[in-house]
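Chemist: Once you've had a glance at the structure underneath, I'll fire off some questions.
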Amino acid sequence: MVAGIRYEKLLQECLKEELRIVNSGMPQSRKKLSELLCEARPYVPCHDGSKHFFKKQEIAYLAELLDVSEREALLLPVIIMLEVGKGTMLIPCGEGVVEEKIISHILSMPVACDGGIIRLYRPQLAVIRKILKTTTQYAFSYSSGVVGI
Amino acid sequence: MSQQILKVRPTKIELVNLKRRLSLSVRVQKIVKDRLSILTMEFLQAAREAVEAREKLIKDFDAAYKALSVASGYHGYIALEKEMVVAGTGLKVDTGLRNIAGVRVPSFEMAERKREVQAYSMVDTSSLVDEAGRLFEECLKSVAGLAEAQRRLELLGTEINRSKRTANALEHIIIPGLRVTISYLKMKFEERDREEKGRLKRVKMLVARE
């Protein structure tokens with residue numbers, strides 16, 4: 001009986017750890033593209049205390065696509081929200097003009113920003129992740145809010 | 001597959017705890033499955049990139065050695081080696097970590113180097129040497145790219161295996177076990193209720209007879 005209880009406790013810990021891991025790499029705060037362009041080693045701190053480094057090539061690529069005022073508006077990393085159980089992928093963005101412009105350019109097709117959210121399909125996600133490896137970040141959300149944080 | 005009933009005390013509190021555990025397990029299962037699909041997508045992407053990086057590396061080295069061969073043929077091995085001894089410059093690789101759905105993978109990037117004045121003699125060498133040098137620098141970039149892709153592939157593969165084991169354990173052992181135990185406890189409580197009712201009826205009959 002005691003061994004069983006111990007096993008159960010261990011199991012609960014493992015499950016909680018799984019929840020913690022999935023969003024451990026979420027950034028504490030996001031930085032403007034214009035700020036990152038000035039940094040020698042651009043990065044953002046994460047919730048687990050680690051640092052998420054950006055590739056300069058990607059930042060330069062984004063800077064090429066946008067003008068000076070848009071660089072001020074774009075916050076990096078761009079969060080790709082995955083709704084657990086539903087399988088939908090969303091990019092939450094305020095006004096969404098800058099994000100919309102970037103995503104449309106990468107996918108070579110118009111993308112609608114509906115109510116501050118850009119909806120993506122899985123093949124589109126693969127294309128975006130291929131180009132923006134370090135400047136996008138996954139977040140797993142469970143109906144209400146982000147899990148594990 | 002018949003599921004083993006967990007050894008628990010048949011109490012209402014235990015039932016509540018089990019229900020809580022079940023809801024947590026179902027929630028974790030959904031998350032693990034979604035994460036697994038994302039990791040698989042990233043893994044396939046990494047595999048493609050690793051193949052491309054390997055092909056690029058082979059091409060770059062091929063071109064670089066050809067250029068070196070031409071340069072050494074023009075200047076001679078000994079003269080070229082003499083020039084190369086003084087030409088060594090420090091290379092910088094920017095390293096860092098990034099997170100892919102909970103997996104921390106390294107990222108390598110060759111720091112951009114401004115083209116400095118060559119350390120070797122401009123009089124005794126030709127543009128062939130410059131070209132060979134430039135091609136070998138490209139090779140180093142390819143090496144960094146391949147190292148990153150290869151390591152990413154390994155780390156993602158390990159994490160996929162781990163997540164798959166977790167998902168399977170949840171799907172085939174933990175959740176069915178909890179469900180069976182909950183239904184067992186419910187049946188036990190119903191049985192207790194029925195016994196209690198029977199006992200009350202019997203007491204009622206005895207009281208009425210007296």
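Note on naming: chains are A, B, ... as they come in the structure tokens, residues start from 1 per chain, ligands start from 1 in the order shown.
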Contacts between chain B and chain A, please, where a residue of chain A counts if it comes within 8 Å (with only C-alpha atoms); show its shortest atom pair and distance in Å to one decimal, rows by chain and ascending number, as CSV.

Modeler:
residue,atom,partner,partner_atom,distance
A:Met1,CA,B:Lys7,CA,6.6
A:Gly4,CA,B:Lys7,CA,7.0
A:Gln12,CA,B:Arg21,CA,7.8
A:Leu15,CA,B:Val28,CA,6.5
A:Glu18,CA,B:Val28,CA,7.2
A:Leu19,CA,B:Val28,CA,6.7
A:Ile21,CA,B:Gly102,CA,5.3
A:Val22,CA,B:Gly102,CA,4.8
A:Asn23,CA,B:Gly102,CA,6.3
A:Ser24,CA,B:Gly102,CA,6.0
A:Gly25,CA,B:Asn99,CA,5.5
A:Lys51,CA,B:Leu97,CA,6.8
A:His52,CA,B:Arg98,CA,4.8
A:Phe53,CA,B:Gly96,CA,5.7
A:Phe54,CA,B:Arg98,CA,7.8
A:Lys55,CA,B:Glu109,CA,7.3
A:Val84,CA,B:Ile31,CA,5.8
A:Gly85,CA,B:Lys30,CA,5.7
A:Gly87,CA,B:Asp34,CA,7.2
A:Ala126,CA,B:Met41,CA,7.3
A:Lys130,CA,B:Gln45,CA,7.3
A:Thr134,CA,B:Arg98,CA,6.8
A:Gln137,CA,B:Ile100,CA,7.1
A:Tyr138,CA,B:Ala101,CA,5.8
A:Ala139,CA,B:Ala101,CA,7.4
A:Phe140,CA,B:Ile31,CA,7.6

Chemist: If you run DSSP on the backbone here, which positions in chain A get strand (DSSP E)? Please write them as a VMD selection string.

Modeler: chain A and resid 31 to 32 43 to 45 51 to 53 75 to 76 78 to 83 89 to 92 113 to 114 117 to 120 136 to 141

Chemist: Using only N, CA and C atoms, please write the residues we just selected to a file, as a compact mmCIF listing (two decimals), in the first residue's frame.

Modeler:
# COMPACT_ATOMS: atom_id res chain seq x y z
N LYS A 31 10.79 41.69 -26.93
CA LYS A 31 11.54 42.91 -27.29
C LYS A 31 11.15 43.38 -28.68
N LYS A 32 11.30 44.70 -28.86
CA LYS A 32 11.00 45.26 -30.19
C LYS A 32 12.11 44.88 -31.16
N TYR A 43 18.79 38.49 -27.52
CA TYR A 43 18.13 37.40 -26.80
C TYR A 43 17.00 37.95 -25.94
N VAL A 44 16.14 37.06 -25.48
CA VAL A 44 15.13 37.42 -24.47
C VAL A 44 15.21 36.41 -23.32
N PRO A 45 15.01 36.85 -22.08
CA PRO A 45 15.02 35.89 -20.97
C PRO A 45 13.72 35.08 -20.94
N LYS A 51 17.99 31.67 -21.51
CA LYS A 51 17.91 32.76 -22.49
C LYS A 51 17.56 32.17 -23.86
N HIS A 52 16.71 32.88 -24.56
CA HIS A 52 16.37 32.44 -25.91
C HIS A 52 17.10 33.37 -26.88
N PHE A 53 18.05 32.80 -27.61
CA PHE A 53 18.85 33.62 -28.53
C PHE A 53 18.23 33.68 -29.91
N LEU A 75 6.96 42.93 -31.97
CA LEU A 75 7.54 42.36 -30.75
C LEU A 75 7.99 40.93 -31.03
N LEU A 76 9.21 40.62 -30.59
CA LEU A 76 9.78 39.28 -30.83
C LEU A 76 10.09 38.58 -29.51
N VAL A 78 7.65 36.09 -31.93
CA VAL A 78 6.23 36.00 -32.26
C VAL A 78 5.70 34.70 -31.65
N ILE A 79 4.63 34.82 -30.88
CA ILE A 79 4.10 33.63 -30.18
C ILE A 79 3.10 32.90 -31.07
N ILE A 80 3.32 31.61 -31.22
CA ILE A 80 2.36 30.76 -31.94
C ILE A 80 1.62 29.94 -30.89
N MET A 81 0.36 30.25 -30.72
CA MET A 81 -0.44 29.62 -29.68
C MET A 81 -1.12 28.35 -30.19
N LEU A 82 -0.90 27.27 -29.49
CA LEU A 82 -1.54 26.00 -29.87
C LEU A 82 -2.64 25.68 -28.87
N GLU A 83 -3.85 25.58 -29.35
CA GLU A 83 -4.95 25.27 -28.44
C GLU A 83 -5.00 23.76 -28.24
N MET A 89 -3.98 26.56 -34.54
CA MET A 89 -2.80 27.37 -34.26
C MET A 89 -3.10 28.85 -34.51
N LEU A 90 -2.80 29.65 -33.53
CA LEU A 90 -3.13 31.07 -33.63
C LEU A 90 -1.90 31.91 -33.36
N ILE A 91 -1.88 33.07 -34.00
CA ILE A 91 -0.84 34.05 -33.66
C ILE A 91 -1.57 35.25 -33.07
N PRO A 92 -1.51 35.41 -31.75
CA PRO A 92 -2.17 36.57 -31.17
C PRO A 92 -1.35 37.83 -31.41
N CYS A 113 -6.21 38.97 -40.37
CA CYS A 113 -6.09 39.12 -38.92
C CYS A 113 -7.49 39.40 -38.38
N ASP A 114 -8.08 38.39 -37.78
CA ASP A 114 -9.47 38.49 -37.35
C ASP A 114 -9.53 38.66 -35.83
N ILE A 117 -6.22 38.10 -34.06
CA ILE A 117 -5.71 36.72 -34.13
C ILE A 117 -5.52 36.30 -35.59
N ILE A 118 -4.36 35.73 -35.88
CA ILE A 118 -4.13 35.16 -37.21
C ILE A 118 -4.23 33.64 -37.07
N ARG A 119 -5.11 33.02 -37.80
CA ARG A 119 -5.26 31.56 -37.74
C ARG A 119 -4.38 30.89 -38.79
N LEU A 120 -3.74 29.82 -38.37
CA LEU A 120 -2.83 29.12 -39.28
C LEU A 120 -3.21 27.65 -39.41
N THR A 136 10.19 32.85 -33.72
CA THR A 136 8.84 32.41 -33.33
C THR A 136 8.98 31.44 -32.16
N GLN A 137 7.94 31.35 -31.38
CA GLN A 137 7.98 30.51 -30.18
C GLN A 137 6.61 29.86 -29.97
N TYR A 138 6.61 28.58 -29.59
CA TYR A 138 5.34 27.88 -29.35
C TYR A 138 4.85 28.15 -27.93
N ALA A 139 3.53 28.24 -27.81
CA ALA A 139 2.91 28.31 -26.48
C ALA A 139 1.70 27.39 -26.50
N PHE A 140 1.60 26.54 -25.49
CA PHE A 140 0.46 25.63 -25.43
C PHE A 140 -0.60 26.23 -24.51
N SER A 141 -1.79 26.42 -25.05
CA SER A 141 -2.85 27.01 -24.21
C SER A 141 -3.95 25.99 -24.01

Chemist: Report, in Å to a single decimal, how far apart atom CA of Val129 of chain B and atom CA of Leu68 of chain B are.

Modeler: 7.1 Å

Chemist: Find the spatial neighbours of Met110 of chain B, counting only C-alpha atoms, within a cut-off of 7 Å - ignore same-chain residues fewer than 5 positions away - and output them as a list in words.

Modeler: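 With the cut-off at 7 Å, the set is Lys92, Val93, Asp94 and Lys141 of chain B.
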
Chemist: If you measure from atom CA of Pro27 of chain A to atom CA of Leu132 of chain A, what distance in Å do you get, rounded to one decimal?

Modeler: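 A separation of 16.1 Å between them.
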
Chemist: Can you work out which one of B:Leu18, B:Ile58, B:Ala67, B:Ile5 has the shortest atom-to-atom distance to Val143 of chain B, counting only C-alpha atoms?

Modeler: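 Using only C-alpha atoms, the shortest distance to Val143 of chain B belongs to B:Ile58.
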